[in-house]
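Student: Dropping in model-v2.txt, with compact mmCIF, C-alpha atoms.
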```txt
# COMPACT_ATOMS: atom_id res chain seq x y z
CA MET A 1 -26.53 -6.08 -7.10
CA LYS A 2 -27.58 -6.78 -10.66
CA GLN A 3 -25.02 -5.99 -13.31
CA ARG A 4 -26.30 -3.51 -15.86
CA LEU A 5 -25.57 -4.97 -19.26
CA LEU A 6 -25.58 -2.92 -22.43
CA ILE A 7 -25.55 -4.81 -25.73
CA VAL A 8 -24.21 -2.78 -28.65
CA GLU A 9 -24.98 -4.65 -31.80
CA PRO A 10 -26.38 -3.73 -35.22
CA SER A 11 -28.02 -7.10 -35.85
CA GLU A 12 -31.52 -7.54 -34.48
CA LEU A 13 -31.17 -11.28 -34.83
CA ILE A 14 -28.15 -11.39 -32.52
CA ILE A 15 -29.76 -8.96 -30.07
CA GLU A 16 -32.88 -11.07 -29.75
CA GLY A 17 -30.79 -14.22 -29.35
CA LEU A 18 -28.75 -12.70 -26.53
CA LYS A 19 -31.83 -11.33 -24.81
CA SER A 20 -33.43 -14.73 -24.85
CA ILE A 21 -30.29 -16.33 -23.37
CA LEU A 22 -30.02 -13.75 -20.61
CA GLU A 23 -33.70 -13.64 -19.84
CA GLY A 24 -34.47 -14.59 -16.26
CA GLN A 25 -30.80 -14.34 -15.22
CA ILE A 26 -30.89 -12.66 -11.82
CA ARG A 27 -27.29 -11.47 -12.13
CA PHE A 28 -27.97 -9.15 -15.04
CA LYS A 29 -30.28 -6.34 -15.91
CA VAL A 30 -30.28 -6.15 -19.70
CA LEU A 31 -30.57 -2.50 -20.73
CA GLU A 32 -32.30 -1.41 -23.93
CA PRO A 33 -29.81 -2.57 -26.61
CA GLU A 34 -28.03 0.01 -28.72
CA MET A 35 -27.93 -0.68 -32.43
CA ASN A 36 -25.92 2.36 -33.41
CA ALA A 37 -22.26 2.40 -32.29
CA ASP A 38 -22.09 6.18 -32.84
CA GLN A 39 -24.44 6.60 -29.92
CA LEU A 40 -22.32 4.52 -27.56
CA ALA A 41 -20.59 7.35 -25.67
CA LYS A 42 -23.92 9.03 -24.96
CA ARG A 43 -25.58 5.78 -23.98
CA VAL A 44 -22.80 4.89 -21.54
CA LEU A 45 -23.18 8.27 -19.84
CA ALA A 46 -26.96 8.00 -19.71
CA SER A 47 -27.42 4.34 -18.72
CA ARG A 48 -24.21 3.72 -16.72
CA PRO A 49 -23.76 0.07 -17.70
CA ASP A 50 -21.45 -2.22 -15.70
CA ILE A 51 -20.80 -4.39 -18.71
CA VAL A 52 -20.77 -3.46 -22.38
CA LEU A 53 -21.07 -6.37 -24.77
CA ILE A 54 -19.96 -5.15 -28.17
CA ASN A 55 -18.61 -6.30 -31.52
CA PRO A 56 -14.88 -5.41 -31.48
CA THR A 57 -14.90 -4.51 -35.19
CA LEU A 58 -17.28 -1.58 -34.62
CA PRO A 59 -15.63 1.85 -35.01
CA VAL A 60 -15.27 2.68 -31.30
CA ASP A 61 -12.25 3.90 -29.31
CA PHE A 62 -12.31 1.06 -26.81
CA ALA A 63 -9.23 2.14 -24.85
CA LYS A 64 -10.78 5.56 -24.28
CA LEU A 65 -14.13 4.06 -23.31
CA GLN A 66 -12.53 1.86 -20.71
CA GLY A 67 -10.21 4.57 -19.50
CA GLU A 68 -13.06 6.95 -18.81
CA HIS A 69 -15.65 4.64 -17.33
CA HIS A 70 -15.58 1.93 -14.72
CA LEU A 71 -17.00 -0.87 -16.81
CA ALA A 72 -16.13 -4.26 -18.20
CA LEU A 73 -15.81 -4.51 -21.96
CA VAL A 74 -16.78 -7.85 -23.44
CA ALA A 75 -16.15 -8.56 -27.10
CA LEU A 76 -18.89 -10.27 -29.05
CA VAL A 77 -17.22 -12.08 -31.94
CA TYR A 78 -18.86 -13.74 -34.93
CA GLN A 79 -15.68 -14.93 -36.58
CA TYR A 80 -11.94 -14.95 -36.12
CA VAL A 81 -10.69 -11.58 -34.82
CA GLU A 82 -7.06 -10.47 -34.60
CA ARG A 83 -5.71 -10.78 -31.05
CA GLU A 84 -4.58 -7.18 -31.31
CA ALA A 85 -8.19 -6.05 -31.72
CA LEU A 86 -9.12 -7.75 -28.44
CA LYS A 87 -6.48 -6.21 -26.22
CA ASN A 88 -8.83 -3.67 -24.66
CA PHE A 89 -11.43 -6.26 -23.72
CA ASP A 90 -11.93 -7.98 -20.40
CA ALA A 91 -13.51 -11.07 -21.90
CA VAL A 92 -14.66 -12.55 -25.18
CA VAL A 93 -18.01 -14.11 -26.03
CA ASP A 94 -18.14 -16.09 -29.25
CA ILE A 95 -21.62 -16.42 -30.74
CA ARG A 96 -20.97 -20.17 -31.06
CA ASP A 97 -20.45 -20.45 -27.26
CA SER A 98 -23.08 -22.38 -25.35
CA ARG A 99 -25.69 -20.57 -23.28
CA ALA A 100 -23.90 -21.50 -20.02
CA VAL A 101 -20.51 -20.33 -21.25
CA ILE A 102 -21.92 -16.99 -22.39
CA ILE A 103 -23.57 -16.36 -19.03
CA GLU A 104 -20.47 -17.40 -17.09
CA THR A 105 -18.16 -15.27 -19.22
CA LEU A 106 -20.30 -12.20 -18.62
CA ALA A 107 -20.53 -12.91 -14.91
CA GLN A 108 -16.75 -13.31 -14.59
CA ALA A 109 -16.14 -10.07 -16.45
CA SER A 110 -18.41 -7.99 -14.21
CA PRO A 111 -16.46 -5.26 -12.49
CA GLY A 112 -18.79 -5.41 -9.51
CA GLU A 113 -18.19 -9.09 -9.02
CA ALA A 114 -15.69 -8.29 -6.27
CA ASP A 115 -18.38 -6.66 -4.16
CA ALA A 116 -20.99 -9.31 -4.71
CA GLY A 117 -21.51 -10.10 -1.04
CA LYS A 118 -20.85 -13.70 -0.10
CA GLY A 119 -17.27 -14.81 -0.53
CA SER A 120 -16.40 -11.31 -1.67
CA TYR A 121 -12.87 -11.53 -0.32
CA GLU A 122 -12.04 -14.52 -2.42
CA LEU A 123 -10.08 -13.73 -5.53
CA THR A 124 -11.98 -14.17 -8.78
CA LYS A 125 -10.58 -16.39 -11.51
CA ARG A 126 -9.36 -13.33 -13.39
CA GLU A 127 -7.69 -11.85 -10.32
CA THR A 128 -6.03 -15.17 -9.59
CA ALA A 129 -4.75 -15.30 -13.16
CA VAL A 130 -3.29 -11.80 -12.78
CA LEU A 131 -1.77 -12.69 -9.41
CA ILE A 132 -0.02 -15.75 -10.81
CA GLN A 133 1.52 -13.73 -13.62
CA LEU A 134 2.57 -11.01 -11.18
CA ALA A 135 4.25 -13.56 -8.96
CA GLN A 136 6.19 -14.78 -11.98
CA GLY A 137 7.62 -11.33 -12.33
CA LYS A 138 5.57 -10.16 -15.33
CA THR A 139 4.89 -6.48 -15.92
CA ASN A 140 1.39 -5.04 -16.28
CA LYS A 141 1.91 -4.83 -20.04
CA GLU A 142 3.03 -8.45 -20.29
CA ILE A 143 0.08 -9.60 -18.20
CA ALA A 144 -2.33 -7.57 -20.35
CA ASP A 145 -0.96 -9.22 -23.49
CA ALA A 146 -1.01 -12.72 -22.02
CA LEU A 147 -4.60 -12.42 -20.78
CA ASN A 148 -5.83 -10.45 -23.77
CA VAL A 149 -7.03 -7.49 -21.72
CA SER A 150 -6.02 -3.84 -21.43
CA VAL A 151 -3.32 -2.58 -19.06
CA HIS A 152 -6.08 -0.56 -17.43
CA THR A 153 -7.94 -3.77 -16.62
CA VAL A 154 -4.81 -5.37 -15.17
CA ILE A 155 -4.35 -2.35 -12.90
CA SER A 156 -7.96 -2.58 -11.82
CA HIS A 157 -7.52 -6.29 -10.99
CA ARG A 158 -4.36 -5.46 -9.03
CA LYS A 159 -6.27 -2.90 -6.98
CA ASN A 160 -8.89 -5.51 -6.15
CA ILE A 161 -6.25 -8.08 -5.22
CA THR A 162 -4.62 -5.61 -2.83
CA HIS A 163 -7.96 -4.57 -1.40
CA LYS A 164 -8.88 -8.17 -0.68
CA THR A 165 -5.56 -9.49 0.63
CA GLY A 166 -4.18 -6.35 2.25
CA ILE A 167 -0.89 -7.00 0.43
CA LYS A 168 0.52 -4.29 -1.84
CA SER A 169 4.01 -5.29 -2.90
CA VAL A 170 4.72 -7.79 -5.65
CA ALA A 171 7.16 -9.57 -3.33
CA GLY A 172 4.40 -9.91 -0.72
CA LEU A 173 1.90 -11.15 -3.29
CA THR A 174 4.42 -13.75 -4.44
CA VAL A 175 4.62 -15.13 -0.91
CA TYR A 176 0.82 -15.11 -0.78
CA ALA A 177 0.55 -16.96 -4.10
CA MET A 178 2.99 -19.57 -2.90
CA LEU A 179 1.29 -20.08 0.46
CA ASN A 180 -1.98 -20.60 -1.38
CA ASN A 181 -0.41 -23.09 -3.78
CA LEU A 182 -1.18 -20.86 -6.75
CA ILE A 183 2.35 -21.06 -7.99
CA ASP A 184 4.78 -23.87 -8.01
CA GLU A 185 8.09 -23.44 -6.25
CA SER A 186 9.86 -24.32 -9.48
CA SER A 187 8.21 -21.44 -11.34
CA LEU A 188 10.10 -18.98 -9.15
CA LEU A 189 13.53 -17.79 -10.09
CA MET B 190 -10.77 24.29 20.33
CA LYS B 191 -7.24 25.16 19.41
CA ASN B 192 -6.38 26.05 22.99
CA ASN B 193 -8.00 22.88 24.16
CA ALA B 194 -5.88 20.78 21.87
CA LYS B 195 -2.80 22.60 23.02
CA SER B 196 -3.55 22.21 26.71
CA ARG B 197 -3.60 18.44 26.21
CA LEU B 198 0.01 18.48 25.08
CA PHE B 199 2.68 17.68 27.64
CA ALA B 200 4.56 20.29 29.62
CA GLY B 201 7.96 20.26 31.30
CA GLU B 202 6.50 20.10 34.81
CA SER B 203 4.85 16.71 34.22
CA ARG B 204 6.53 13.71 35.79
CA LEU B 205 8.35 11.76 33.09
CA SER B 206 7.10 8.52 34.61
CA ASP B 207 3.47 9.72 34.38
CA LEU B 208 3.98 10.45 30.73
CA ILE B 209 5.23 6.95 30.00
CA VAL B 210 2.61 5.20 32.11
CA ALA B 211 -0.10 7.10 30.24
CA HIS B 212 1.53 6.46 26.85
CA PRO B 213 3.60 3.27 26.90
CA SER B 214 4.56 3.76 23.25
CA LEU B 215 6.89 6.52 24.50
CA LEU B 216 9.04 4.03 26.40
CA PRO B 217 11.80 3.78 23.74
CA LEU B 218 12.08 7.58 23.40
CA PRO B 219 14.26 8.52 26.40
CA ALA B 220 17.01 6.10 25.33
CA ARG B 221 17.03 7.56 21.82
CA LEU B 222 17.45 10.99 23.34
CA GLY B 223 20.30 9.85 25.56
CA ILE B 224 18.26 9.47 28.75
CA HIS B 225 18.55 6.21 30.67
CA LEU B 226 15.60 4.70 32.48
CA GLY B 227 15.63 4.92 36.27
CA PHE B 228 14.81 8.63 36.38
CA GLY B 229 12.60 8.18 39.43
CA ASP B 230 9.89 10.75 40.03
CA ARG B 231 11.60 13.73 38.52
CA SER B 232 9.84 16.03 36.08
CA ILE B 233 10.52 16.01 32.35
CA ALA B 234 12.37 19.33 32.64
CA GLU B 235 14.58 18.05 35.48
CA VAL B 236 15.46 14.81 33.75
CA CYS B 237 16.22 16.64 30.51
CA GLU B 238 18.45 19.14 32.25
CA ASP B 239 20.40 16.38 34.02
CA ASN B 240 21.04 14.67 30.70
CA GLY B 241 21.77 17.72 28.61
CA VAL B 242 18.64 17.30 26.49
CA ASP B 243 16.61 20.34 25.49
CA THR B 244 13.22 20.10 27.23
CA GLY B 245 11.43 21.78 24.35
CA PHE B 246 12.84 19.25 21.90
CA PHE B 247 11.94 16.35 24.18
CA LEU B 248 8.36 17.63 24.46
CA LEU B 249 8.07 18.21 20.73
CA ILE B 250 9.01 14.61 19.93
CA SER B 251 6.82 13.22 22.75
CA ASN B 252 3.84 15.24 21.60
CA VAL B 253 4.24 14.08 18.01
CA TYR B 254 4.46 10.47 19.19
CA THR B 255 1.37 10.74 21.34
CA PHE B 256 -1.09 12.92 19.48
CA ASN B 257 -1.84 11.74 16.00
CA ASN B 258 -3.34 15.01 14.85
CA TYR B 259 -0.60 17.19 16.22
CA ILE B 260 1.47 18.90 13.54
CA PRO B 261 3.87 21.42 15.09
CA SER B 262 3.76 24.85 13.48
CA THR B 263 6.83 26.30 11.82
CA ALA B 264 6.96 28.82 14.67
CA THR B 265 7.14 26.00 17.22
CA ILE B 266 9.84 24.22 15.22
CA LEU B 267 11.94 27.34 14.78
CA GLY B 268 11.42 28.25 18.44
CA THR B 269 12.84 24.92 19.60
CA ASP B 270 16.51 24.01 19.99
CA MET B 271 16.95 21.47 17.20
CA THR B 272 20.58 20.49 17.74
CA GLY B 273 19.34 17.16 19.08
CA LEU B 274 17.36 16.28 15.95
CA VAL B 275 20.02 14.59 13.82
CA PRO B 276 21.48 12.58 16.72
CA TYR B 277 17.93 11.55 17.62
CA LEU B 278 17.17 10.39 14.09
CA GLU B 279 20.47 8.50 13.89
CA LYS B 280 19.80 6.75 17.19
CA SER B 281 16.33 5.83 15.97
CA HIS B 282 17.85 4.29 12.84
CA ARG B 283 20.20 2.19 14.94
CA TYR B 284 17.32 1.11 17.17
CA TYR B 285 15.29 -0.09 14.16
CA VAL B 286 18.19 -1.75 12.32
CA ASP B 287 20.17 -3.22 15.23
CA LYS B 288 17.37 -4.07 17.65
CA ARG B 289 13.85 -4.27 16.25
CA LEU B 290 14.43 -5.81 12.83
CA PRO B 291 16.79 -8.57 14.09
CA HIS B 292 14.30 -9.29 16.87
CA ILE B 293 11.47 -9.69 14.35
CA GLU B 294 13.73 -11.76 12.11
CA ARG B 295 14.40 -14.26 14.91
CA HIS B 296 10.67 -14.81 15.34
CA LEU B 297 10.19 -15.17 11.59
CA ASP B 298 13.07 -17.65 11.39
CA ALA B 299 11.34 -19.81 13.98
CA ILE B 300 8.07 -19.59 12.05
CA ALA B 301 9.77 -20.32 8.72
CA SER B 302 11.42 -23.46 10.09
CA ASN B 303 7.92 -24.97 10.37
CA LEU B 304 7.00 -24.24 6.75
CA ARG B 305 7.42 -27.01 4.24
CA GLY B 306 9.73 -26.97 1.26
CA ARG B 307 10.96 -23.71 -0.15
CA ILE B 308 8.05 -21.68 1.20
CA GLY B 309 9.96 -20.87 4.37
CA HIS B 310 12.85 -19.74 2.25
CA VAL B 311 10.69 -17.43 0.12
CA PHE B 312 8.96 -16.12 3.23
CA ILE B 313 12.24 -15.22 4.96
CA GLY B 314 13.56 -13.90 1.65
CA PHE B 315 10.69 -11.41 1.60
CA PHE B 316 11.66 -10.11 5.02
CA LYS B 317 15.38 -9.95 4.23
CA GLU B 318 14.63 -7.94 1.10
CA TYR B 319 12.55 -5.53 3.16
CA LYS B 320 15.25 -5.22 5.80
CA GLN B 321 17.80 -4.35 3.13
CA GLU B 322 15.47 -1.68 1.74
CA VAL B 323 15.19 -0.11 5.19
CA VAL B 324 18.96 -0.23 5.69
CA ASP B 325 19.54 1.42 2.29
CA HIS B 326 16.89 4.03 3.01
CA PHE B 327 18.56 4.99 6.29
CA LEU B 328 22.02 4.89 4.77
CA HIS B 329 21.00 7.42 2.16
CA GLU B 330 19.74 9.75 4.88
CA GLU B 331 22.88 9.32 6.96
CA ARG B 332 25.18 9.91 4.00
CA ASP B 333 23.40 12.72 2.17
CA VAL B 334 20.78 14.37 4.33
CA PHE B 335 22.22 14.48 7.84
CA PRO B 336 25.63 15.96 6.90
CA HIS B 337 23.71 18.63 4.96
CA ILE B 338 21.72 19.52 8.09
CA ARG B 339 24.83 19.51 10.27
CA ALA B 340 26.56 21.90 7.86
CA LEU B 341 23.58 24.25 7.77
CA MET B 342 23.28 24.21 11.56
CA ALA B 343 26.95 25.11 11.79
CA GLY B 344 26.16 28.11 9.62
CA GLN B 345 27.88 26.77 6.51
CA GLN B 346 26.42 27.05 3.07
CA ASP B 347 26.00 23.60 1.55
CA THR B 348 24.80 23.47 -2.03
CA THR B 349 25.76 19.85 -2.65
CA TYR B 350 22.31 18.74 -1.47
CA SER B 351 18.91 20.34 -1.13
CA ILE B 352 16.02 19.16 0.98
CA GLY B 353 13.76 19.38 -2.07
CA GLU B 354 15.50 16.24 -3.36
CA PHE B 355 14.72 14.49 -0.11
CA LEU B 356 10.96 14.84 -0.40
CA GLN B 357 11.03 13.70 -4.01
CA THR B 358 12.78 10.46 -3.19
CA HIS B 359 11.59 9.82 0.37
CA SER B 360 9.84 6.48 0.04
CA ASP B 361 7.50 4.80 2.40
CA ILE B 362 9.18 2.13 4.50
CA GLU B 363 6.13 0.96 6.46
CA GLY B 364 4.11 -0.37 3.51
CA LYS B 365 5.85 -3.71 3.25
CA LEU B 366 5.44 -4.24 6.99
CA ASP B 367 1.68 -4.21 6.44
CA ASP B 368 2.16 -6.85 3.76
CA LEU B 369 4.22 -8.91 6.18
CA LEU B 370 1.58 -8.53 8.86
CA ASN B 371 -1.16 -9.78 6.57
CA ILE B 372 0.92 -12.73 5.44
CA VAL B 373 1.93 -13.70 8.96
CA PHE B 374 -1.40 -13.77 10.68
CA LYS B 375 -3.83 -14.41 7.83
CA TYR B 376 -2.12 -16.60 5.30
CA LEU B 377 0.48 -18.75 7.02
CA PRO B 378 -0.75 -22.31 7.47
CA PRO B 379 -1.96 -22.90 11.04
CA GLN B 380 1.03 -23.36 13.34
CA VAL B 381 1.40 -25.95 16.04
CA ASP B 382 2.26 -23.12 18.37
CA ASP B 383 0.72 -19.69 17.80
CA ASP B 384 2.92 -17.90 20.33
CA ASN B 385 5.60 -16.94 17.85
CA VAL B 386 3.01 -15.61 15.45
CA MET B 387 1.26 -13.52 18.09
CA ASP B 388 4.57 -12.17 19.39
CA VAL B 389 5.78 -11.17 15.97
CA VAL B 390 2.44 -9.58 15.01
CA ASP B 391 2.77 -7.46 18.14
CA ASP B 392 6.34 -6.52 17.24
CA ILE B 393 5.48 -5.67 13.64
CA LEU B 394 2.54 -3.49 14.67
CA ARG B 395 4.70 -1.59 17.13
CA LEU B 396 7.53 -1.12 14.65
CA SER B 397 5.08 0.01 11.98
CA GLU B 398 3.60 2.67 14.29
CA ASP B 399 7.08 3.77 15.32
CA LEU B 400 8.26 4.07 11.71
CA LYS B 401 5.18 6.11 10.79
CA LYS B 402 6.07 8.63 13.51
CA HIS B 403 9.70 8.57 12.40
CA THR B 404 8.66 9.42 8.83
CA PHE B 405 6.34 12.10 10.19
CA ILE B 406 9.19 13.70 12.19
CA GLU B 407 11.37 13.71 9.09
CA GLU B 408 8.72 15.15 6.80
CA LYS B 409 6.90 17.56 9.12
CA ILE B 410 9.73 18.72 11.39
CA MET B 411 13.06 18.06 9.71
CA VAL B 412 12.01 19.25 6.23
CA PRO B 413 10.46 22.60 7.29
CA LEU B 414 13.47 23.22 9.53
CA VAL B 415 15.97 22.54 6.77
CA ARG B 416 13.96 24.61 4.26
CA HIS B 417 14.19 27.52 6.68
CA LEU B 418 17.91 27.01 7.28
CA GLU B 419 18.63 26.79 3.54
CA LYS B 420 16.82 30.08 2.93
CA ALA B 421 18.36 31.82 5.95
CA ILE B 422 21.88 30.95 4.86
CA LEU B 423 21.37 32.25 1.35
CA SER B 424 20.00 35.63 2.45
```
Would you mind writing the file's structure down as structure tokens?
Tutor:
Amino acid sequence: MKQRLLIVEPSELIIEGLKSILEGQIRFKVLEPEMNADQLAKRVLASRPDIVLINPTLPVDFAKLQGEHHLALVALVYQYVEREALKNFDAVVDIRDSRAVIIETLAQASPGEADAGKGSYELTKRETAVLIQLAQGKTNKEIADALNVSVHTVISHRKNITHKTGIKSVAGLTVYAMLNNLIDESSLL
Amino acid sequence: MKNNAKSRLFAGESRLSDLIVAHPSLLPLPARLGIHLGFGDRSIAEVCEDNGVDTGFFLLISNVYTFNNYIPSTATILGTDMTGLVPYLEKSHRYYVDKRLPHIERHLDAIASNLRGRIGHVFIGFFKEYKQEVVDHFLHEERDVFPHIRALMAGQQDTTYSIGEFLQTHSDIEGKLDDLLNIVFKYLPPQVDDDNVMDVVDDILRLSEDLKKHTFIEEKIMVPLVRHLEKAILS
């Protein structure tokens, strides 16, 4: 399944650059870009994107957007942005990133990645990162801060981890992480 | 349809042995109700009478254990002699804590001894933590809930506890068994000898099913009964 990608960006230059990078990528379907952030809520309802790539300094309520829709939010940054401003994002693309890094970052952030057929029961890098933090006894909030994503995103990753492994409790996931050599014995209390 | 479903339920005239042969998961039930094995070819009603167990109560529990969709109506619950309920639940607790969990633990100990480093320790630690949760869960019921029911059944007003509190705090005790199951047969490194793993998977599955029914009996039979008794005593 192709991931529907919506670019929200006022600069035509950046839009065209991104389109050219993503052109021919079978993993994404690039939707008609939105240049006006005011229209975002309407556009999300109408085009149902899986991924929204957006400048985090635009006047948008990102927490609300992510709370109400099942989508991955990826920040598109031109310059240094306060960590705090990135907390609701699942991933960050810097315009100075290479073509390969941009594509990989978007692919990793895709919410549908879990269902992408082959190897679908393997944990993604993000899920593994969440699992490791969980096993170290971190709370959802602490994990969100450490990984620079929203609590909502952490919860969504936890659901996927449980769906894939069949293990619900943190204690059980800790045993799982250890058996899979994801955590070191010494990192446990 | 309703009649059909009902006619499938067991009746007192059935041979107890037929019941158990048809539904082996019922095997631990007689002991919990104070009936020893070796009842020969006698009917359920006969065996119950010999052992001072109410046939209606025996059938109610057996039917719940056997038919997943069967939820007894309040009329059925109130029309059944429920004096055996609390002793039954207490015996079930003892069976889980004194027999099944230690049995599973022995298998897990054997498995853990083959795991390298501290992994075995963490693995067993997970089970011990679960076991303690189950023990605490039962202890709460035995200390707070069961005396409340006994008092109500004896016709005494007991305002120190209300069954509403029970439902609010009644937690699921089977969930972690599913976690254990997944860990044991999917994620443990391949063992030299799979027998222990297969045995313990079998044991965990059976205990998990048993605990689900136990929770069901508490929530769908015990709770409506106590609600009724609480109201009846007040009026």
Student: Residues near stretch 20-24 of chain A, anyone? I mean within 9 Å using only C-alpha atoms, not counting same-chain ones fewer than 4 positions away, as a list in words.
Tutor: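 Non-adjacent residues within range: Ile15, Glu16, Phe28, Lys29, Val30, Arg99, Ala100, Ile102 and Ile103 of chain A.
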Student: Please identify every residue of chain A that has at least one atom no farther than 9 Å from an atom of chain B, counting all atoms listed in the file, and for each give the shortest atom pair and the distance in Å to one decimal, arranged by chain then increasing number, as a tab-separated table.
Tutor:
```
residue	atom	partner	partner_atom	distance
A:Thr165	CA	B:Asn371	CA	7.4
A:Gly166	CA	B:Asn371	CA	6.3
A:Ile167	CA	B:Asp368	CA	4.5
A:Lys168	CA	B:Asp368	CA	6.4
A:Ser169	CA	B:Lys365	CA	6.6
A:Ala171	CA	B:Phe315	CA	6.3
A:Gly172	CA	B:Asp368	CA	5.9
A:Leu173	CA	B:Asp368	CA	8.3
A:Thr174	CA	B:Val311	CA	8.6
A:Val175	CA	B:Phe312	CA	6.1
A:Tyr176	CA	B:Ile372	CA	6.7
A:Met178	CA	B:Ile308	CA	6.8
A:Leu179	CA	B:Leu377	CA	6.7
A:Asn180	CA	B:Tyr376	CA	7.8
A:Glu185	CA	B:Arg307	CA	6.7
```
Student: For stretch 143-148 of chain A, please output as a ChimeraX atom specification all residues within 12 Å (counting all atoms listed in the file; exclusion window: fewer than 3 positions along the same chain).
Tutor: /A:73-75,82-92,125-140,151-158
Student: Just give me the gap between atom CA of B:Leu394 and atom CA of B:Glu363 in Å, one decimal is fine.
Tutor: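 It comes out at 10.0 Å.
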Student: If we count all atoms listed in the file and set the cut-off at 10 Å, which residues sit around stretch 349-359 of chain B, ignoring sequence neighbours fewer than 4 positions away in its own chain? Please answer as a PyMOL selection string.
Tutor: chain B and resi 326+329-330+333-334+336-338+404+407-408+411-416+419
Student: Rounded to one decimal place, report the atom CA of A:Asn181-atom CA of B:Asp383 distance in Å.
Tutor: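 Distance reported for this atom pair: 21.9 Å.
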Student: Would you compute the distance between atom CA of B:Asp207 and atom CA of B:Ile250? Give it in Å to one decimal.
Tutor: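 Pair atom CA of B:Asp207 / atom CA of B:Ile250 returns 16.2 Å.
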Student: Would you mind telling me which residue in B:Gly241, B:Pro261, B:Gly223, B:Gly229 lies nearest to B:Ser281 when using only C-alpha atoms?
Tutor: B:Gly223
Student: Which residues, written as a compact mmCIF listing (two decimals) with C-alpha atoms, keeping the file's coordinate frame, have at least one atom at most 9 Å from B:Asn257, with only C-alpha atoms counted and residues fewer than 4 positions away on the same chain left out?
Tutor:
```txt
# COMPACT_ATOMS: atom_id res chain seq x y z
CA ASN B 252 3.84 15.24 21.60
CA VAL B 253 4.24 14.08 18.01
CA LYS B 402 6.07 8.63 13.51
```
Student: Can you list, as a PyMOL selection string, every protein, DNA or RNA residue that comes within 12 Å of A:Arg96 when you count only C-alpha atoms, leaving out same-chain residues fewer than 6 positions away?
Tutor: chain A and resi 14+17-18+76-80+102
Student: Reconstruct N, CA and C atoms of stretch 370-383 of chain B; output as a PDB file, in the coordinates of the input.
Tutor:
```pdb
ATOM      1  N   LEU B 370       2.585  -8.301   7.833  1.00  0.00           N
ATOM      2  CA  LEU B 370       1.580  -8.530   8.860  1.00  0.00           C
ATOM      3  C   LEU B 370       0.444  -9.396   8.335  1.00  0.00           C
ATOM      4  N   ASN B 371      -0.065  -9.015   7.163  1.00  0.00           N
ATOM      5  CA  ASN B 371      -1.160  -9.780   6.570  1.00  0.00           C
ATOM      6  C   ASN B 371      -0.762 -11.220   6.273  1.00  0.00           C
ATOM      7  N   ILE B 372       0.454 -11.380   5.755  1.00  0.00           N
ATOM      8  CA  ILE B 372       0.920 -12.730   5.440  1.00  0.00           C
ATOM      9  C   ILE B 372       1.023 -13.548   6.716  1.00  0.00           C
ATOM     10  N   VAL B 373       1.642 -12.943   7.738  1.00  0.00           N
ATOM     11  CA  VAL B 373       1.930 -13.700   8.960  1.00  0.00           C
ATOM     12  C   VAL B 373       0.665 -14.166   9.668  1.00  0.00           C
ATOM     13  N   PHE B 374      -0.303 -13.280   9.840  1.00  0.00           N
ATOM     14  CA  PHE B 374      -1.400 -13.770  10.680  1.00  0.00           C
ATOM     15  C   PHE B 374      -2.629 -14.233   9.900  1.00  0.00           C
ATOM     16  N   LYS B 375      -2.688 -13.920   8.593  1.00  0.00           N
ATOM     17  CA  LYS B 375      -3.830 -14.410   7.830  1.00  0.00           C
ATOM     18  C   LYS B 375      -3.521 -15.624   6.969  1.00  0.00           C
ATOM     19  N   TYR B 376      -2.342 -15.631   6.374  1.00  0.00           N
ATOM     20  CA  TYR B 376      -2.120 -16.600   5.300  1.00  0.00           C
ATOM     21  C   TYR B 376      -1.136 -17.722   5.599  1.00  0.00           C
ATOM     22  N   LEU B 377      -0.404 -17.616   6.707  1.00  0.00           N
ATOM     23  CA  LEU B 377       0.480 -18.750   7.020  1.00  0.00           C
ATOM     24  C   LEU B 377      -0.393 -19.932   7.402  1.00  0.00           C
ATOM     25  N   PRO B 378       0.044 -21.144   7.051  1.00  0.00           N
ATOM     26  CA  PRO B 378      -0.750 -22.310   7.470  1.00  0.00           C
ATOM     27  C   PRO B 378      -0.780 -22.348   8.999  1.00  0.00           C
ATOM     28  N   PRO B 379      -1.866 -22.854   9.580  1.00  0.00           N
ATOM     29  CA  PRO B 379      -1.960 -22.900  11.040  1.00  0.00           C
ATOM     30  C   PRO B 379      -0.710 -23.526  11.660  1.00  0.00           C
ATOM     31  N   GLN B 380      -0.199 -22.899  12.702  1.00  0.00           N
ATOM     32  CA  GLN B 380       1.030 -23.360  13.340  1.00  0.00           C
ATOM     33  C   GLN B 380       0.670 -24.245  14.537  1.00  0.00           C
ATOM     34  N   VAL B 381       1.588 -25.126  14.860  1.00  0.00           N
ATOM     35  CA  VAL B 381       1.400 -25.950  16.040  1.00  0.00           C
ATOM     36  C   VAL B 381       1.306 -25.027  17.254  1.00  0.00           C
ATOM     37  N   ASP B 382       2.146 -24.006  17.226  1.00  0.00           N
ATOM     38  CA  ASP B 382       2.260 -23.120  18.370  1.00  0.00           C
ATOM     39  C   ASP B 382       2.091 -21.677  17.857  1.00  0.00           C
ATOM     40  N   ASP B 383       1.017 -21.033  18.301  1.00  0.00           N
ATOM     41  CA  ASP B 383       0.720 -19.690  17.800  1.00  0.00           C
ATOM     42  C   ASP B 383       1.534 -18.588  18.475  1.00  0.00           C
TER      43      ASP B 383
END
```
